[in-house]
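Coordinates from entry_34.txt are shown below (compact mmCIF, C-alpha atoms).
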# COMPACT_ATOMS: atom_id res chain seq x y z
CA MET A 1 50.96 15.58 -1.25
CA THR A 2 53.66 17.80 0.21
CA ALA A 3 53.02 20.80 2.47
CA ASP A 4 53.87 23.17 -0.40
CA ALA A 5 51.53 21.36 -2.74
CA THR A 6 48.73 21.51 -0.19
CA LEU A 7 49.31 25.23 0.33
CA ASN A 8 49.26 25.86 -3.42
CA HIS A 9 46.08 23.82 -3.71
CA ASP A 10 44.46 25.88 -0.96
CA ARG A 11 45.50 29.12 -2.62
CA ALA A 12 44.13 27.99 -5.97
CA LEU A 13 40.85 27.00 -4.34
CA THR A 14 40.67 30.31 -2.51
CA ARG A 15 41.33 32.25 -5.73
CA ARG A 16 38.60 30.28 -7.46
CA LEU A 17 36.12 30.90 -4.67
CA VAL A 18 36.97 34.60 -4.54
CA THR A 19 36.45 34.82 -8.31
CA VAL A 20 33.04 33.17 -8.02
CA VAL A 21 32.03 35.47 -5.16
CA VAL A 22 33.17 38.58 -7.02
CA ALA A 23 31.28 37.46 -10.12
CA LEU A 24 28.12 36.84 -8.10
CA ALA A 25 28.49 40.20 -6.41
CA VAL A 26 28.82 41.92 -9.79
CA VAL A 27 25.69 40.15 -11.05
CA ALA A 28 23.79 41.05 -7.89
CA ILE A 29 24.80 44.70 -8.15
CA ALA A 30 23.82 44.77 -11.81
CA VAL A 31 20.43 43.21 -11.03
CA PHE A 32 19.91 45.61 -8.12
CA PHE A 33 20.59 48.68 -10.18
CA GLY A 34 18.63 47.26 -13.11
CA VAL A 35 15.56 46.73 -10.95
CA ARG A 36 15.99 50.13 -9.35
CA SER A 37 16.24 51.86 -12.69
CA THR A 38 13.01 50.15 -13.84
CA ALA A 39 11.31 51.19 -10.61
CA ASP A 40 12.56 54.72 -11.10
CA THR A 41 10.79 54.95 -14.47
CA ALA A 42 7.48 53.66 -13.09
CA THR A 43 4.91 56.24 -12.11
CA THR A 44 2.30 56.24 -9.40
CA TYR A 45 -0.95 57.97 -10.33
CA ASN A 46 -3.29 59.04 -7.57
CA VAL A 47 -6.97 59.49 -8.35
CA THR A 48 -9.40 60.61 -5.66
CA PHE A 49 -13.17 60.51 -5.64
CA PRO A 50 -13.88 63.54 -3.49
CA PRO A 51 -16.90 63.97 -1.22
CA GLY A 52 -20.08 64.59 -3.17
CA SER A 53 -19.09 62.52 -6.23
CA THR A 54 -17.79 65.59 -7.98
CA LEU A 55 -14.97 63.81 -9.80
CA ARG A 56 -14.70 65.18 -13.30
CA ILE A 57 -13.06 63.33 -16.14
CA ASP A 58 -10.37 65.70 -17.13
CA ALA A 59 -6.61 65.82 -17.15
CA ASP A 60 -6.30 67.78 -13.93
CA VAL A 61 -8.23 65.27 -11.91
CA PHE A 62 -6.31 62.35 -13.32
CA ALA A 63 -3.01 63.71 -12.13
CA GLY A 64 -1.04 63.38 -15.28
CA ILE A 65 -2.48 60.18 -16.73
CA SER A 66 -2.41 60.42 -20.51
CA MET A 67 -5.97 60.12 -21.66
CA ARG A 68 -8.44 60.78 -24.42
CA THR A 69 -12.22 60.68 -24.56
CA VAL A 70 -14.54 59.70 -27.37
CA GLU A 71 -18.16 60.43 -26.43
CA GLN A 72 -18.86 58.19 -23.42
CA THR A 73 -15.60 56.29 -23.66
CA VAL A 74 -12.42 57.19 -21.84
CA TRP A 75 -8.99 55.85 -22.74
CA LEU A 76 -6.30 55.98 -20.07
CA GLU A 77 -2.69 55.17 -20.83
CA PHE A 78 -0.18 53.51 -18.52
CA ALA A 79 3.12 51.71 -18.77
CA VAL A 80 3.98 48.35 -17.27
CA GLY A 81 5.24 49.00 -13.76
CA ASP A 82 2.98 52.01 -13.20
CA THR A 83 0.69 52.00 -10.19
CA LEU A 84 -2.82 53.41 -10.04
CA VAL A 85 -3.94 54.43 -6.56
CA VAL A 86 -7.64 55.17 -6.17
CA THR A 87 -8.94 56.83 -3.03
CA ASN A 88 -12.62 57.23 -2.24
CA GLU A 89 -13.47 60.14 0.05
CA ASP A 90 -17.15 59.94 -0.90
CA LEU A 91 -19.96 58.26 1.02
CA PHE A 92 -20.67 55.70 -1.72
CA THR A 93 -18.67 52.98 -3.45
CA HIS A 94 -17.03 54.14 -6.66
CA VAL A 95 -15.42 52.32 -9.53
CA LEU A 96 -12.67 53.32 -11.90
CA TRP A 97 -11.95 50.71 -14.56
CA ALA A 98 -12.00 47.44 -12.53
CA ILE A 99 -11.04 49.02 -9.23
CA ARG A 100 -13.99 49.32 -6.91
CA VAL A 101 -13.35 51.36 -3.83
CA ARG A 102 -15.45 51.52 -0.70
CA PRO A 103 -16.01 54.80 1.14
CA GLY A 104 -12.85 55.79 2.96
CA GLU A 105 -10.81 53.13 1.20
CA THR A 106 -7.66 53.38 -0.89
CA VAL A 107 -6.89 50.62 -3.39
CA SER A 108 -3.78 50.38 -5.51
CA TYR A 109 -3.08 48.31 -8.58
CA THR A 110 0.25 47.84 -10.32
CA PHE A 111 0.20 47.09 -14.03
CA THR A 112 2.29 44.00 -14.62
CA GLN A 113 1.34 43.25 -18.20
CA PRO A 114 0.83 45.18 -21.41
CA GLY A 115 -2.47 45.17 -23.26
CA THR A 116 -5.83 46.84 -23.61
CA PHE A 117 -8.32 46.36 -20.82
CA THR A 118 -11.94 47.34 -20.62
CA GLY A 119 -13.81 48.51 -17.57
CA GLU A 120 -16.27 51.05 -16.35
CA CYS A 121 -16.66 54.11 -14.21
CA THR A 122 -19.22 55.24 -11.70
CA PHE A 123 -20.40 57.92 -14.09
CA ASP A 124 -21.72 55.60 -16.83
CA LEU A 125 -18.53 55.83 -18.78
CA GLU A 126 -16.80 52.99 -20.50
CA VAL A 127 -13.14 53.01 -19.52
CA PHE A 128 -10.39 51.45 -21.56
CA LEU A 129 -6.85 51.13 -20.31
CA GLU A 130 -3.93 50.90 -22.65
CA VAL A 131 -0.88 49.51 -20.89
CA ARG A 132 2.31 49.59 -22.93
CA GLU A 133 5.67 47.98 -22.44
CA THR A 134 8.25 50.24 -20.84
CA MET B 1 41.12 26.11 8.83
CA ARG B 2 41.57 28.76 6.18
CA ARG B 3 39.45 26.73 3.76
CA ARG B 4 36.69 26.55 6.35
CA HIS B 5 36.78 30.31 6.85
CA VAL B 6 36.58 30.86 3.13
CA ALA B 7 33.66 28.44 2.84
CA VAL B 8 31.79 30.17 5.68
CA GLY B 9 32.45 33.55 4.07
CA VAL B 10 31.14 32.31 0.74
CA MET B 11 28.04 30.91 2.41
CA LEU B 12 27.38 34.20 4.17
CA ILE B 13 27.80 36.25 1.02
CA LEU B 14 25.64 33.87 -1.01
CA GLY B 15 23.04 33.94 1.72
CA MET B 16 22.96 37.75 1.66
CA LEU B 17 22.80 37.80 -2.12
CA PHE B 18 19.95 35.31 -2.37
CA ALA B 19 18.07 36.85 0.53
CA GLY B 20 17.69 39.92 -1.61
CA CYS B 21 16.58 37.91 -4.62
CA THR B 22 13.83 35.81 -3.08
CA SER B 23 11.19 38.45 -2.39
CA GLU B 24 7.83 37.52 -3.91
CA PRO B 25 6.91 39.28 -7.15
CA PRO B 26 3.85 41.56 -6.98
CA LEU B 27 0.52 39.89 -7.53
CA ASN B 28 -1.20 40.58 -10.83
CA GLY B 29 -4.64 41.40 -9.48
CA VAL B 30 -6.25 43.97 -7.22
CA THR B 31 -5.55 43.45 -3.52
CA ARG B 32 -6.87 45.46 -0.59
CA THR B 33 -5.50 46.35 2.79
CA THR B 34 -8.88 45.43 4.23
CA PRO B 35 -10.20 42.56 2.11
CA LEU B 36 -13.80 42.21 1.07
CA HIS B 37 -15.55 39.75 3.37
CA VAL B 38 -18.09 37.62 1.52
CA GLY B 39 -18.38 34.72 3.94
CA ASP B 40 -21.68 35.93 5.33
CA VAL B 41 -23.67 35.60 2.13
CA ALA B 42 -25.08 32.45 0.57
CA LEU B 43 -26.84 31.51 -2.66
CA ARG B 44 -28.77 28.53 -3.92
CA ASP B 45 -26.49 25.82 -5.28
CA VAL B 46 -28.06 24.00 -8.22
CA THR B 47 -25.06 21.85 -9.11
CA ALA B 48 -25.73 18.21 -9.79
CA PRO B 49 -23.98 16.06 -7.13
CA ASN B 50 -21.65 14.48 -9.69
CA ASP B 51 -20.43 17.88 -10.86
CA ARG B 52 -20.05 19.49 -7.46
CA ALA B 53 -16.66 20.77 -6.32
CA GLY B 54 -15.57 21.26 -2.72
CA GLY B 55 -17.05 24.00 -0.59
CA GLN B 56 -19.74 24.63 1.95
CA VAL B 57 -23.23 23.61 0.86
CA ASP B 58 -25.86 23.41 3.55
CA ALA B 59 -29.49 22.65 2.71
CA GLY B 60 -28.85 23.69 -0.87
CA GLN B 61 -27.27 27.00 0.13
CA PHE B 62 -23.68 27.68 -0.84
CA THR B 63 -21.67 29.90 1.50
CA PHE B 64 -18.74 31.84 0.09
CA VAL B 65 -16.14 30.28 2.35
CA ALA B 66 -13.59 27.88 0.92
CA ALA B 67 -12.83 24.59 2.61
CA GLU B 68 -9.85 24.75 4.97
CA GLY B 69 -6.63 25.57 3.12
CA ARG B 70 -8.45 25.96 -0.20
CA PHE B 71 -9.77 28.78 -2.39
CA LEU B 72 -12.90 29.57 -4.35
CA ALA B 73 -12.57 31.15 -7.80
CA VAL B 74 -15.84 33.07 -8.09
CA TYR B 75 -17.27 34.60 -11.23
CA PHE B 76 -20.56 36.39 -11.89
CA GLY B 77 -21.80 35.94 -15.44
CA PHE B 78 -24.50 34.56 -17.71
CA LEU B 79 -24.60 31.80 -20.29
CA ASN B 80 -25.76 33.96 -23.21
CA CYS B 81 -22.74 36.21 -22.79
CA PRO B 82 -21.02 36.26 -26.17
CA ASP B 83 -17.53 37.31 -25.13
CA ILE B 84 -16.52 38.38 -21.61
CA CYS B 85 -17.85 35.37 -19.67
CA PRO B 86 -16.57 32.55 -21.89
CA THR B 87 -13.24 34.34 -22.25
CA THR B 88 -12.83 34.69 -18.50
CA LEU B 89 -13.88 31.10 -17.86
CA MET B 90 -11.43 29.92 -20.50
CA ASP B 91 -8.68 32.08 -18.99
CA LEU B 92 -9.33 30.45 -15.61
CA LYS B 93 -9.37 26.99 -17.17
CA VAL B 94 -6.05 27.63 -18.91
CA ALA B 95 -4.55 28.99 -15.69
CA LEU B 96 -5.67 25.92 -13.76
CA ASP B 97 -4.28 23.68 -16.50
CA ARG B 98 -0.91 25.43 -16.30
CA VAL B 99 -0.32 25.10 -12.58
CA ASP B 100 0.66 21.90 -10.81
CA THR B 101 -2.17 19.54 -10.03
CA ALA B 102 -1.66 20.18 -6.32
CA VAL B 103 -2.28 23.89 -6.86
CA ALA B 104 -5.27 23.38 -9.16
CA GLN B 105 -6.83 21.01 -6.67
CA GLN B 106 -6.78 23.74 -4.05
CA VAL B 107 -9.17 25.83 -6.15
CA ASP B 108 -12.92 25.26 -6.41
CA VAL B 109 -14.71 27.07 -9.22
CA VAL B 110 -17.95 28.92 -8.49
CA PHE B 111 -20.14 30.38 -11.23
CA VAL B 112 -22.96 32.70 -10.20
CA THR B 113 -25.52 33.44 -12.86
CA VAL B 114 -26.82 36.99 -12.96
CA ASP B 115 -29.47 35.88 -15.45
CA PRO B 116 -31.40 33.24 -13.50
CA GLN B 117 -34.44 33.48 -15.77
CA ARG B 118 -32.61 32.00 -18.74
CA ASP B 119 -29.81 30.15 -16.96
CA THR B 120 -31.73 27.15 -15.70
CA PRO B 121 -30.03 24.43 -13.66
CA ASP B 122 -30.05 22.19 -16.75
CA ALA B 123 -28.49 24.93 -18.88
CA LEU B 124 -25.77 25.52 -16.29
CA ALA B 125 -25.13 21.79 -16.03
CA ALA B 126 -24.72 21.57 -19.79
CA TYR B 127 -22.46 24.62 -20.13
CA LEU B 128 -19.97 24.65 -17.28
CA PRO B 129 -18.43 21.18 -17.90
CA TYR B 130 -16.99 22.60 -21.13
CA PHE B 131 -14.59 24.44 -18.85
CA PHE B 132 -14.32 22.59 -15.55
CA PRO B 133 -14.80 18.99 -14.41
CA ARG B 134 -16.08 20.13 -11.00
CA PHE B 135 -17.76 23.40 -10.06
CA HIS B 136 -20.54 25.09 -8.17
CA ALA B 137 -23.37 26.57 -10.21
CA LEU B 138 -25.25 29.14 -8.16
CA ARG B 139 -28.65 30.41 -9.25
CA GLU B 140 -30.81 32.68 -7.16
CA ASP B 141 -34.34 33.73 -8.14
CA ASP B 142 -34.67 36.12 -5.25
CA GLU B 143 -33.30 39.40 -6.63
CA ALA B 144 -32.73 40.87 -3.18
CA VAL B 145 -30.60 37.91 -2.12
CA LEU B 146 -28.59 38.05 -5.33
CA GLN B 147 -28.12 41.80 -4.90
CA ARG B 148 -26.82 41.31 -1.35
CA THR B 149 -24.25 38.90 -2.71
CA LEU B 150 -23.24 41.28 -5.48
CA ASP B 151 -22.90 44.06 -2.92
CA ALA B 152 -20.63 41.93 -0.75
CA PHE B 153 -18.29 41.50 -3.74
CA LEU B 154 -18.70 45.19 -4.71
CA ALA B 155 -20.03 43.78 -7.99
CA SER B 156 -23.00 44.84 -10.06
CA ALA B 157 -25.35 43.29 -12.57
CA ASP B 158 -28.14 44.78 -14.60
CA VAL B 159 -30.59 42.77 -16.70
CA GLN B 160 -32.18 45.08 -19.25
CA ARG B 161 -35.53 44.23 -20.82
CA ASP B 162 -37.56 45.63 -23.67
CA THR B 163 -41.15 46.81 -23.30
CA ASP B 164 -42.38 43.23 -23.73
CA GLY B 165 -40.20 42.05 -20.86
CA ASN B 166 -37.72 40.24 -23.07
CA ILE B 167 -34.11 40.37 -21.96
CA VAL B 168 -32.10 42.44 -24.41
CA ASP B 169 -28.85 42.93 -22.56
CA VAL B 170 -27.07 41.92 -19.38
CA ALA B 171 -24.37 44.14 -17.95
CA HIS B 172 -22.24 42.84 -15.11
CA THR B 173 -18.92 43.25 -13.37
CA ALA B 174 -16.20 41.42 -15.25
CA VAL B 175 -13.94 40.47 -12.39
CA LEU B 176 -12.76 37.06 -11.23
CA TYR B 177 -12.49 36.76 -7.44
CA LEU B 178 -10.46 34.40 -5.27
CA VAL B 179 -11.93 33.72 -1.83
CA ASN B 180 -10.08 32.00 1.00
CA ASP B 181 -11.21 29.75 3.83
CA GLN B 182 -12.04 32.78 5.97
CA GLY B 183 -14.55 34.08 3.45
CA ASP B 184 -12.26 36.94 2.42
CA VAL B 185 -11.50 37.97 -1.15
CA VAL B 186 -7.73 37.72 -1.41
CA ILE B 187 -7.39 38.97 -4.98
CA GLU B 188 -9.54 40.34 -7.82
CA TRP B 189 -8.47 39.74 -11.40
CA PRO B 190 -9.91 42.31 -13.84
CA PHE B 191 -11.09 41.09 -17.21
CA GLY B 192 -8.11 40.77 -19.53
CA THR B 193 -5.70 39.41 -16.96
CA ARG B 194 -3.75 36.78 -18.83
CA PRO B 195 -4.02 33.13 -17.83
CA GLN B 196 -0.32 32.99 -16.98
CA MET B 197 -0.73 35.94 -14.64
CA ILE B 198 -3.62 34.19 -12.90
CA ALA B 199 -1.56 30.99 -12.74
CA ASP B 200 1.41 32.84 -11.21
CA ASP B 201 -0.83 34.39 -8.56
CA LEU B 202 -2.45 31.03 -7.79
CA VAL B 203 0.95 29.44 -7.26
CA GLN B 204 2.03 32.25 -4.96
CA LEU B 205 -1.18 32.33 -2.94
CA THR B 206 -1.55 28.57 -2.55
CA GLN B 207 2.10 28.27 -1.55
CA ALA B 208 1.52 30.88 1.13
CA VAL B 209 -1.33 28.79 2.51
CA ARG B 210 0.70 25.59 2.43
CA ALA B 211 3.58 27.38 4.16
CA VAL B 212 1.44 28.21 7.20
CA ALA B 213 -0.39 24.88 7.30
CA PRO B 214 0.36 22.90 10.49
Would you mind writing the structure in this file as C-alpha cells?
Amino acid sequence: MTADATLNHDRALTRRLVTVVVALAVVAIAVFFGVRSTADTATTYNVTFPPGSTLRIDADVFAGISMRTVEQTVWLEFAVGDTLVVTNEDLFTHVLWAIRVRPGETVSYTFTQPGTFTGECTFDLEVFLEVRET
Amino acid sequence: MRRRHVAVGVMLILGMLFAGCTSEPPLNGVTRTTPLHVGDVALRDVTAPNDRAGGQVDAGQFTFVAAEGRFLAVYFGFLNCPDICPTTLMDLKVALDRVDTAVAQQVDVVFVTVDPQRDTPDALAAYLPYFFPRFHALREDDEAVLQRTLDAFLASADVQRDTDGNIVDVAHTAVLYLVNDQGDVVIEWPFGTRPQMIADDLVQLTQAVRAVAP
C-alpha cells in the first residue's frame, strides 16, 4: 500500500467513525429530549395528613388529583409517570391507598404501569386508583 | 497516530453517551427513605421440613431476617381468601418464574396467615405448594404477637365474626413485602403490581446485592 493509499484509507476510516459518532450523538440527544418531555408531563401530587387527623376527602386537600366519590368509595386518577407524595404530620400511622406512612414520614410512589388498583384509607374508605397511559 | 486519537475520541464520546443511559429505572413498588425494620419480630414457623425454604428458624420461631445476601418475600393472607391472596401469590410465582434461576434462588417466600383458626399447619402445607416448591408458613395463635408483627410491617388484619363466633370476613393489608438480610423492608408492592414489574424489581435489587458482595 502506498503512502497516498494509506492516507486515503485513514481519511475514509475517520469519516466513517465521525459519521457513527454524529449518529450516536443525534440518537442520544433525541432520547434525552424524549425522556425530558415525558418527565415534563408527569405530575407530582402532594397529600398531607395534618395533625389531628383532619384530612378531608375533597379536591382541595388532594391538590389537583382528579377524583370522584361514590358513597364510601373514592376513585383517584393518575397518569403513568405521576408521583404521589404522602406526608404524615399526625401522631398516628395513616394509609392512603397502599401507602402507609408513619408519623413524621414522607413516602413517595411513582406510577410505572397503567391499570386499576384497589386500596384503603385511614378513614374507612375504599380507595381505587385509575392509572392511565400518558 | 491520528487513528489512535480518533479511536480514543470515539471511546470517550461513547463512554459519555452510555454513562447517561445506564441509570437504573425507578423501582415499581413503594420505597422509603427510612425503611421499615422487621428483623426484631418472630412468628411460629409451622412449615414441614421438606417444604422449608431458607431463613432463620430458631426453636420453631421464624425471624424476619433473610439469610446473607438473600431476600424474603413476605405476604400476610388467609387460605379462604377468594381473590386477593391467590392472585398475589400467583403474581409472585410468575415473577419468580420469569427471572433467572440465580435471582429466584435469592428469594425465600414467607406466608403469614392472619386467620390461624382455620389455616391449620396441614391446610397451609396442602395449599402453598400449589405456588412454591419451598416456603415458610407462619401461623401464630397469640393475637398480641401477630399484631406486633403486623405493626412492624405497618400492616393490618381484621377477622370479623358473627354473633355465633363464626368467621364471616377477613380484611387485611394487600401488600407484598421484600425483606433483606438486615431485617429491613426494601420494597412494598401494592396489590395489582404486575408480575413483570415485580420481576424487574427483583432483578435490580438482587443485582445490587451481588454487586456489593465480597
Can you list, as a CSV table (one decimal) with C-alpha atoms, in the frame of the given file, every protein, DNA or RNA residue that comes within 12 Å of B:Leu128 when you count all atoms listed in the file, leaving out same-chain residues fewer than 2 positions away?
chain,number,residue,atom,x,y,z
B,47,THR,CA,-25.1,21.8,-9.1
B,48,ALA,CA,-25.7,18.2,-9.8
B,51,ASP,CA,-20.4,17.9,-10.9
B,52,ARG,CA,-20.0,19.5,-7.5
B,75,TYR,CA,-17.3,34.6,-11.2
B,77,GLY,CA,-21.8,35.9,-15.4
B,78,PHE,CA,-24.5,34.6,-17.7
B,79,LEU,CA,-24.6,31.8,-20.3
B,85,CYS,CA,-17.8,35.4,-19.7
B,86,PRO,CA,-16.6,32.6,-21.9
B,89,LEU,CA,-13.9,31.1,-17.9
B,90,MET,CA,-11.4,29.9,-20.5
B,93,LYS,CA,-9.4,27.0,-17.2
B,109,VAL,CA,-14.7,27.1,-9.2
B,110,VAL,CA,-18.0,28.9,-8.5
B,111,PHE,CA,-20.1,30.4,-11.2
B,112,VAL,CA,-23.0,32.7,-10.2
B,113,THR,CA,-25.5,33.4,-12.9
B,119,ASP,CA,-29.8,30.2,-17.0
B,121,PRO,CA,-30.0,24.4,-13.7
B,122,ASP,CA,-30.0,22.2,-16.8
B,123,ALA,CA,-28.5,24.9,-18.9
B,124,LEU,CA,-25.8,25.5,-16.3
B,125,ALA,CA,-25.1,21.8,-16.0
B,126,ALA,CA,-24.7,21.6,-19.8
B,130,TYR,CA,-17.0,22.6,-21.1
B,131,PHE,CA,-14.6,24.4,-18.8
B,132,PHE,CA,-14.3,22.6,-15.6
B,133,PRO,CA,-14.8,19.0,-14.4
B,134,ARG,CA,-16.1,20.1,-11.0
B,135,PHE,CA,-17.8,23.4,-10.1
B,136,HIS,CA,-20.5,25.1,-8.2
B,137,ALA,CA,-23.4,26.6,-10.2
B,138,LEU,CA,-25.2,29.1,-8.2
### Message
Select, as a list of chain:residue names, those residues of chain B with any atom no more than 6 Å from chain A (distances computed using only C-alpha atoms).
### Response
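Filtering chain B at 6 Å from chain A with only C-alpha atoms gives B:Val30, B:Arg32, B:Pro190, B:Gly192.
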### Message
Between atom CA of B:Ala152 and atom CA of B:Asn80, what is the distance in Å, rounded to a tenth?
### Response
24.4 Å
### Task
Do a neighbour search on B:Leu150 at 10 Å with only C-alpha atoms, toss out local chain neighbours closer than 5 positions, and write the hits as a list in words.
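Contacts, with the query itself left out: Val38, Val41, Phe76, Val112, Val114, Ala144, Val145, Ala155, Ser156, Ala157, His172 and Thr173 of chain B.
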Let's have the selection written as a compact mmCIF listing (two decimals), in the coordinates of the input, with C-alpha atoms.
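Output saved as again-v7.txt:
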# COMPACT_ATOMS: atom_id res chain seq x y z
CA VAL B 38 -18.09 37.62 1.52
CA VAL B 41 -23.67 35.60 2.13
CA PHE B 76 -20.56 36.39 -11.89
CA VAL B 112 -22.96 32.70 -10.20
CA VAL B 114 -26.82 36.99 -12.96
CA ALA B 144 -32.73 40.87 -3.18
CA VAL B 145 -30.60 37.91 -2.12
CA ALA B 155 -20.03 43.78 -7.99
CA SER B 156 -23.00 44.84 -10.06
CA ALA B 157 -25.35 43.29 -12.57
CA HIS B 172 -22.24 42.84 -15.11
CA THR B 173 -18.92 43.25 -13.37
### Message
I'd like the interatomic distance between atom CA of B:Val186 and atom CA of B:Val203, to a tenth of an Å.
### Response
13.3 Å
What are the centre and the three edge lengths of an axis-aligned box that wraps all atoms of stretch 110-119 of chain A in the file, given that 6 Å is added to every side, written as AutoDock Vina command-line options and rounded to one decimal in Å?
--center_x -5.8 --center_y 45.9 --center_z -17.0 --size_x 28.1 --size_y 17.3 --size_z 25.3
